[in-house]
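Chemist: Next comes the structure file query-v1.cif, holding mmCIF, C-alpha atoms.
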```cif
data_structure
#
loop_
_atom_site.label_atom_id
_atom_site.label_comp_id
_atom_site.auth_asym_id
_atom_site.auth_seq_id
_atom_site.Cartn_x
_atom_site.Cartn_y
_atom_site.Cartn_z
CA MET T 7 117.78 88.54 107.60
CA ILE T 8 115.05 90.96 106.52
CA THR T 9 114.49 91.17 102.76
CA LEU T 10 112.88 94.42 101.61
CA LYS T 11 110.69 94.05 98.53
CA THR T 12 110.74 95.99 95.27
CA ALA T 13 107.63 97.56 93.77
CA GLU T 14 107.36 94.67 91.29
CA GLU T 15 107.64 92.10 94.08
CA ILE T 16 104.98 93.91 96.10
CA GLU T 17 102.63 93.72 93.10
CA LYS T 18 103.09 89.95 92.98
CA LEU T 19 102.64 89.68 96.73
CA TYR T 20 99.43 91.69 96.39
CA ALA T 21 98.04 89.27 93.81
CA ALA T 22 98.76 86.22 95.97
CA ASN T 23 97.16 87.86 98.99
CA GLN T 24 94.07 89.04 97.14
CA LEU T 25 93.48 85.43 96.16
CA VAL T 26 93.66 84.43 99.84
CA GLY T 27 90.95 87.01 100.62
CA LYS T 28 88.74 85.60 97.87
CA THR T 29 89.35 82.06 99.12
CA LEU T 30 88.31 82.98 102.66
CA ALA T 31 85.16 84.54 101.24
CA GLU T 32 84.39 81.34 99.32
CA VAL T 33 84.84 79.36 102.53
CA ALA T 34 82.63 81.85 104.41
CA LYS T 35 79.69 80.94 102.15
CA HIS T 36 79.73 77.40 103.56
CA ILE T 37 80.24 77.99 107.30
CA GLU T 38 77.13 76.74 109.07
CA PRO T 39 76.15 74.10 111.62
CA GLY T 40 76.72 70.54 110.38
CA VAL T 41 79.62 71.34 108.04
CA THR T 42 82.93 69.60 108.72
CA THR T 43 86.24 71.41 108.72
CA LYS T 44 87.43 68.94 106.06
CA GLN T 45 84.62 70.11 103.77
CA LEU T 46 85.87 73.68 104.19
CA ASP T 47 89.38 72.50 103.36
CA ARG T 48 88.21 70.84 100.14
CA ILE T 49 86.37 74.00 99.07
CA ALA T 50 89.46 76.13 99.63
CA HIS T 51 91.77 73.64 97.95
CA GLU T 52 89.68 73.51 94.77
CA PHE T 53 89.17 77.28 94.70
CA ILE T 54 92.90 77.97 94.95
CA LEU T 55 93.76 75.49 92.20
CA ASP T 56 90.99 76.85 89.96
CA HIS T 57 92.61 80.29 90.21
CA GLY T 58 96.02 79.17 89.05
CA ALA T 59 97.72 78.97 92.44
CA THR T 60 98.71 76.24 94.88
CA PRO T 61 97.84 75.93 98.59
CA ALA T 62 100.85 77.22 100.54
CA PHE T 63 100.01 75.24 103.68
CA LEU T 64 99.59 71.79 102.14
CA GLY T 65 102.74 69.79 102.91
CA TYR T 66 104.42 72.73 104.67
CA GLU T 67 106.67 71.00 107.22
CA GLY T 68 104.33 68.04 106.78
CA PHE T 69 101.02 69.85 107.42
CA PRO T 70 98.22 67.73 105.91
CA GLY T 71 95.67 70.43 104.97
CA SER T 72 95.21 73.38 102.63
CA LEU T 73 93.65 75.33 105.52
CA CYS T 74 94.25 75.54 109.24
CA THR T 75 90.82 75.25 110.89
CA SER T 76 90.86 75.96 114.63
CA VAL T 77 87.55 75.61 116.50
CA ASN T 78 86.69 77.31 119.81
CA GLU T 79 89.60 76.72 122.25
CA HIS T 80 91.93 75.80 119.39
CA ILE T 81 94.16 78.82 118.77
CA VAL T 82 96.01 77.97 115.55
CA HIS T 83 97.12 75.10 113.27
CA GLY T 84 93.99 72.98 113.62
CA ILE T 85 93.99 70.11 111.13
CA PRO T 86 90.84 69.85 108.95
CA SER T 87 88.88 66.70 109.77
CA ASP T 88 85.80 64.81 108.61
CA LYS T 89 85.11 64.19 112.31
CA VAL T 90 84.91 67.86 113.35
CA PHE T 91 81.38 69.17 112.71
CA LEU T 92 80.66 72.84 113.28
CA LYS T 93 77.85 73.55 115.76
CA GLU T 94 75.67 76.57 116.47
CA GLY T 95 77.58 78.91 118.78
CA ASP T 96 81.05 77.70 117.74
CA ILE T 97 83.76 79.92 116.36
CA VAL T 98 86.22 78.70 113.74
CA SER T 99 89.49 80.37 112.80
CA VAL T 100 90.28 79.73 109.14
CA ASP T 101 93.91 80.40 108.19
CA CYS T 102 94.71 80.21 104.48
CA GLY T 103 97.81 80.48 102.32
CA THR T 104 98.42 80.58 98.57
CA LYS T 105 101.44 80.40 96.32
CA LEU T 106 101.07 82.42 93.11
CA ASP T 107 103.79 83.42 90.64
CA GLY T 108 106.47 82.66 93.22
CA PHE T 109 104.96 84.72 96.06
CA THR T 110 102.93 83.80 99.11
CA GLY T 111 99.58 85.00 100.38
CA ASP T 112 98.56 84.45 104.02
CA SER T 113 95.49 85.58 105.95
CA ALA T 114 93.15 84.36 108.69
CA PHE T 115 89.62 85.17 109.83
CA THR T 116 87.65 83.82 112.79
CA PHE T 117 84.02 83.15 111.89
CA PRO T 118 81.06 82.78 114.23
CA VAL T 119 78.85 79.79 113.50
CA GLY T 120 75.37 81.17 113.85
CA GLU T 121 74.77 83.13 117.06
CA VAL T 122 77.57 83.18 119.65
CA LYS T 123 77.61 84.24 123.29
CA GLU T 124 78.17 87.89 124.10
CA ASP T 125 81.61 87.37 125.65
CA VAL T 126 82.72 85.43 122.55
CA ARG T 127 81.33 88.15 120.29
CA ASN T 128 83.33 90.71 122.27
CA LEU T 129 86.44 88.54 121.84
CA LEU T 130 85.93 88.44 118.07
CA ASN T 131 85.36 92.18 117.79
CA THR T 132 88.31 93.06 120.01
CA THR T 133 90.73 90.76 118.18
CA HIS T 134 89.53 92.02 114.81
CA GLU T 135 89.87 95.66 115.90
CA SER T 136 93.28 95.07 117.47
CA LEU T 137 94.61 93.89 114.11
CA TYR T 138 93.85 97.31 112.63
CA GLU T 139 95.43 98.98 115.68
CA GLY T 140 98.59 97.05 114.86
CA ILE T 141 98.40 97.97 111.18
CA ALA T 142 98.05 101.66 112.07
CA ALA T 143 101.35 101.43 113.97
CA VAL T 144 103.21 100.34 110.82
CA GLN T 145 105.09 103.46 109.76
CA ALA T 146 108.58 103.84 108.35
CA GLY T 147 111.02 104.84 111.08
CA ARG T 148 109.06 103.15 113.85
CA ARG T 149 109.80 99.70 115.29
CA ILE T 150 108.14 96.28 115.21
CA GLY T 151 107.66 96.58 118.98
CA ASP T 152 105.25 99.46 118.31
CA VAL T 153 102.97 97.07 116.43
CA GLY T 154 102.90 94.51 119.21
CA HIS T 155 102.45 97.20 121.86
CA ALA T 156 99.40 98.58 120.05
CA ILE T 157 97.76 95.14 119.84
CA GLN T 158 98.61 94.12 123.39
CA THR T 159 97.42 97.39 124.92
CA TYR T 160 94.14 97.34 123.01
CA CYS T 161 93.29 93.75 124.00
CA GLU T 162 94.48 93.73 127.60
CA LYS T 163 92.58 96.94 128.41
CA ARG T 164 89.45 95.03 127.43
CA GLY T 165 90.25 92.04 129.64
CA PHE T 166 91.62 89.63 127.05
CA SER T 167 95.02 87.93 126.96
CA VAL T 168 97.65 87.76 124.24
CA VAL T 169 99.29 84.50 123.13
CA ARG T 170 103.07 84.76 123.39
CA GLU T 171 104.38 81.61 121.72
CA PHE T 172 103.01 82.27 118.22
CA VAL T 173 103.53 85.52 116.34
CA GLY T 174 103.30 87.25 112.98
CA HIS T 175 106.13 87.20 110.47
CA GLY T 176 107.74 88.58 107.37
CA ILE T 177 106.49 87.22 104.05
CA GLY T 178 107.49 87.12 100.40
CA ARG T 179 108.72 84.23 98.31
CA GLU T 180 108.64 82.21 101.55
CA MET T 181 105.68 82.08 103.90
CA HIS T 182 107.75 82.73 107.01
CA GLU T 183 110.53 85.28 106.67
CA ASP T 184 112.19 87.71 109.05
CA PRO T 185 111.24 89.63 111.08
CA GLN T 186 109.04 88.00 113.68
CA VAL T 187 106.07 90.24 114.55
CA PRO T 188 104.87 89.59 118.13
CA ASN T 189 101.42 90.69 119.27
CA TYR T 190 102.94 92.15 122.42
CA GLY T 191 105.95 94.31 123.16
CA ARG T 192 107.44 97.64 124.07
CA ARG T 193 107.39 100.71 121.88
CA GLY T 194 110.70 101.62 120.31
CA THR T 195 112.05 98.06 120.32
CA GLY T 196 112.55 95.45 117.63
CA ALA T 197 113.42 95.70 113.97
CA MET T 198 113.14 99.03 112.17
CA ILE T 199 110.11 99.44 109.91
CA GLN T 200 111.39 100.43 106.46
CA GLU T 201 110.08 101.05 102.97
CA GLY T 202 109.51 97.70 101.23
CA LEU T 203 109.02 95.71 104.45
CA CYS T 204 106.30 93.07 104.03
CA ILE T 205 104.81 91.45 107.12
CA CYS T 206 101.82 89.47 108.34
CA ILE T 207 100.21 90.82 111.49
CA GLU T 208 98.08 88.21 113.25
CA PRO T 209 96.77 88.74 116.78
CA MET T 210 95.89 85.51 118.59
CA ILE T 211 93.80 86.56 121.56
CA ASN T 212 92.26 84.44 124.31
CA LEU T 213 89.09 84.91 126.31
CA GLY T 214 90.82 83.48 129.38
CA SER T 215 94.48 82.87 130.24
CA LYS T 216 97.27 83.40 127.73
CA ASN T 217 98.68 79.95 128.51
CA ILE T 218 98.61 77.30 125.80
CA SER T 219 99.00 73.55 125.33
CA MET T 220 99.97 71.47 122.30
CA GLY T 221 97.68 68.79 120.90
CA ASN T 222 98.70 65.16 120.48
CA ASP T 223 98.67 65.61 116.69
CA GLY T 224 101.77 67.78 116.93
CA TRP T 225 100.05 70.74 115.28
CA THR T 226 96.93 71.96 117.04
CA VAL T 227 97.54 74.66 119.65
CA ARG T 228 94.89 75.00 122.38
CA THR T 229 94.19 77.34 125.25
CA LYS T 230 95.26 75.65 128.45
CA ASP T 231 92.05 76.61 130.26
CA GLY T 232 89.80 75.46 127.41
CA ARG T 233 88.28 78.89 126.80
CA PRO T 234 87.84 80.29 123.26
CA SER T 235 90.52 82.02 121.21
CA ALA T 236 90.28 84.27 118.14
CA HIS T 237 92.76 84.84 115.32
CA PHE T 238 92.76 87.44 112.55
CA GLU T 239 95.60 88.02 110.08
CA LEU T 240 96.38 90.44 107.28
CA CYS T 241 99.48 91.02 105.18
CA VAL T 242 100.81 94.56 104.70
CA ALA T 243 103.66 96.19 102.80
CA VAL T 244 105.31 99.48 103.70
CA VAL T 245 104.68 101.76 100.72
CA GLU T 246 105.38 105.49 100.86
CA GLY T 247 106.12 105.14 104.55
CA ARG T 248 102.86 103.53 105.63
CA ALA T 249 101.08 100.18 105.65
CA LYS T 250 99.40 99.17 102.42
CA LEU T 251 97.07 96.19 102.70
CA MET T 252 98.11 93.25 100.58
CA SER T 253 95.40 90.87 101.80
CA THR T 254 91.86 91.97 102.58
CA PHE T 255 88.70 91.03 104.45
CA GLU T 256 86.49 93.00 102.07
CA PHE T 257 85.43 89.87 100.16
CA VAL T 258 84.52 88.20 103.46
CA TYR T 259 82.55 91.25 104.61
CA ASP T 260 80.56 91.07 101.38
CA VAL T 261 79.57 87.47 102.16
CA LEU T 262 78.79 88.12 105.82
CA GLY T 263 77.02 91.41 105.08
CA LYS T 264 78.74 93.12 108.00
CA LYS T 265 82.05 94.02 109.59
CA GLN T 266 81.01 93.51 113.22
CA PHE T 267 80.06 90.27 114.95
#
```
Output the structure of this file as structure tokens.

Modeler:
Amino acid sequence: MITLKTAEEIEKLYAANQLVGKTLAEVAKHIEPGVTTKQLDRIAHEFILDHGATPAFLGYEGFPGSLCTSVNEHIVHGIPSDKVFLKEGDIVSVDCGTKLDGFTGDSAFTFPVGEVKEDVRNLLNTTHESLYEGIAAVQAGRRIGDVGHAIQTYCEKRGFSVVREFVGHGIGREMHEDPQVPNYGRRGTGAMIQEGLCICIEPMINLGSKNISMGNDGWTVRTKDGRPSAHFELCVAVVEGRAKLMSTFEFVYDVLGKKQF
């Protein structure tokens, strides 16, 4: 069941999501060769607590981290580890959630570690750009399938593949609410986009095949062919008929000093 949000609820959702953006920016300051994904998790955990919120991921269905940290061929849900050291040329998807004043923030950004290969840089740029293509399709009176169609078309025209098994979602008091928001689809299908709808759009795009495999830890999702995957996520609310950003990458851009990879 889709729960449309009031203006007051959207304000609270905005606050939770702005904190996620600031947390990702704090993590971005520390992404470099030699850092472990567990170190990034500790930084995020402390930052969230220091700002009066709690990590939404920690303990969610048993997940053991405050971040999901997915390196290279890992698509989503990577568990932070003291044994995973970032290396020059890696990419790491950092997915973060907060709980603040009863509402949930959720956003993800895939960071390059130093210089990456040209095909990987193209993957990052395409996935990042496709997210905004999806956001542009969010208009009252249209359908969720329009969002997925925009993302899928943008990525596949550039030779990349779209993960099918994991999708975006509604958000509010709970992290995962209706409707599901696939990164693929047909225009004019799916749930109606209405005023007050709040959703997370999160393209997960692969350099190679769209096929996936599950890790032995029960969480980490990998590309089946072992090639890299990128993941970007923002939360939006439908306000005055169009998408209003709840979460943001602006704090991350300030740290990186750029919007392109």

Chemist: Using the chain letters and numbering of this document, enumerate as a PDB file with C-alpha atoms, in the coordinates of the input the residues selected by the PyMOL selection byres ((chain T and resi 110-118) around 6).

Modeler:
```pdb
ATOM      1  CA  ALA T  22      98.760  86.220  95.970  1.00  0.00           C
ATOM      2  CA  ASN T  23      97.160  87.860  98.990  1.00  0.00           C
ATOM      3  CA  VAL T  26      93.660  84.430  99.840  1.00  0.00           C
ATOM      4  CA  ILE T  97      83.760  79.920 116.360  1.00  0.00           C
ATOM      5  CA  VAL T  98      86.220  78.700 113.740  1.00  0.00           C
ATOM      6  CA  SER T  99      89.490  80.370 112.800  1.00  0.00           C
ATOM      7  CA  VAL T 100      90.280  79.730 109.140  1.00  0.00           C
ATOM      8  CA  ASP T 101      93.910  80.400 108.190  1.00  0.00           C
ATOM      9  CA  CYS T 102      94.710  80.210 104.480  1.00  0.00           C
ATOM     10  CA  GLY T 103      97.810  80.480 102.320  1.00  0.00           C
ATOM     11  CA  THR T 104      98.420  80.580  98.570  1.00  0.00           C
ATOM     12  CA  LYS T 105     101.440  80.400  96.320  1.00  0.00           C
ATOM     13  CA  PHE T 109     104.960  84.720  96.060  1.00  0.00           C
ATOM     14  CA  VAL T 119      78.850  79.790 113.500  1.00  0.00           C
ATOM     15  CA  GLY T 120      75.370  81.170 113.850  1.00  0.00           C
ATOM     16  CA  GLY T 178     107.490  87.120 100.400  1.00  0.00           C
ATOM     17  CA  ARG T 179     108.720  84.230  98.310  1.00  0.00           C
ATOM     18  CA  MET T 181     105.680  82.080 103.900  1.00  0.00           C
ATOM     19  CA  ALA T 236      90.280  84.270 118.140  1.00  0.00           C
ATOM     20  CA  HIS T 237      92.760  84.840 115.320  1.00  0.00           C
ATOM     21  CA  PHE T 238      92.760  87.440 112.550  1.00  0.00           C
ATOM     22  CA  GLU T 239      95.600  88.020 110.080  1.00  0.00           C
ATOM     23  CA  LEU T 240      96.380  90.440 107.280  1.00  0.00           C
TER      24      LEU T 240
END
```

Chemist: Using Å and a single decimal, report how far atom CA of T:Gly71 sits from atom CA of T:Thr43.

Modeler: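 We find that atom CA of T:Thr43 and atom CA of T:Gly71 lie 10.2 Å from each other.
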
Chemist: Taking 6 positions as the minimum chain separation for residues in the same chain, which residues sit within 10 Å of stretch 211-218 of chain T when counting only C-alpha atoms? Answer as a VMD selection string.

Modeler: chain T and resid 79 to 81 125 to 126 128 to 130 132 to 134 136 157 to 158 161 to 162 165 to 171 189 227 to 238

Chemist: Could you state the separation of atom CA of T:Thr226 and atom CA of T:Tyr190 in Å, given to one decimal place?

Modeler: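 So the answer is 21.7 Å.
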
Chemist: Select, from T:Gly27, T:Val258, T:Glu180, T:Gly221, the residue with the minimum atom-to-atom distance to T:Ile85, counting all atoms listed in the file.

Modeler: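 The shortest atom-to-atom distance to T:Ile85 comes from T:Gly221.
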
Chemist: Mind giving me the straight-line distance from atom CA of T:Glu52 to atom CA of T:His36 in Å, one decimal?

Modeler: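 Rounded to one decimal, the two atoms are 13.8 Å apart.
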
Chemist: I need the output of the PyMOL selection byres ((chain T and resi 16) around 10) for this file as a ChimeraX atom specification; which residues are they?

Modeler: /T:10-15,17-22,109,178,202-204,242-245,250,252

Chemist: Given all atoms listed in the file as the basis, pick out the residue of T:Asp88, T:Asp96, T:Asp107, T:Glu183 nearest to T:His57.

Modeler: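 Ranking T:Asp88, T:Asp96, T:Asp107, T:Glu183 by distance to T:His57, first place goes to T:Asp107.
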
Chemist: Pick from T:Leu262, T:Val144, T:Ile205, T:Ile150: nearest to T:Glu38, with all atoms listed in the file counted?

Modeler: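 Answer, going by the shortest atom-to-atom distance: T:Leu262.
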
Chemist: Pick the closest to T:Ala197 from T:Lys35, T:Arg148, T:Lys163, T:His175: which is it, counting all atoms listed in the file?

Modeler: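 Of all the options, T:Arg148 lies closest to T:Ala197.
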
Chemist: Distance cut-off 12 Å, centre (106.9, 73.8, 108.5) in file coordinates, counting all atoms listed in the file: which residues qualify? Return them as a list in words.

Modeler: Ala62, Phe63, Leu64, Gly65, Tyr66, Glu67, Gly68, Phe69, Pro70, His83, Glu180, Met181, His182, Gly224 and Trp225 of chain T

Chemist: Take the PyMOL selection byres ((chain T and resi 92) around 6), apply it to the structure above, and return the hits as a list in words.

Modeler: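 Listing what the PyMOL selection byres ((chain T and resi 92) around 6) selects in the shown file: Pro39, Gly40, Val41, Phe91 and Lys93 of chain T.
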
Chemist: Dump as a list in words all residues having an atom at most 8 Å from (113.6, 101.8, 115.7), computed in the file's coordinates with only C-alpha atoms.

Modeler: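 Answer for this query, in the requested form: Gly147, Arg148, Arg149, Ile150, Gly194, Thr195, Gly196, Ala197, Met198 and Ile199 of chain T.
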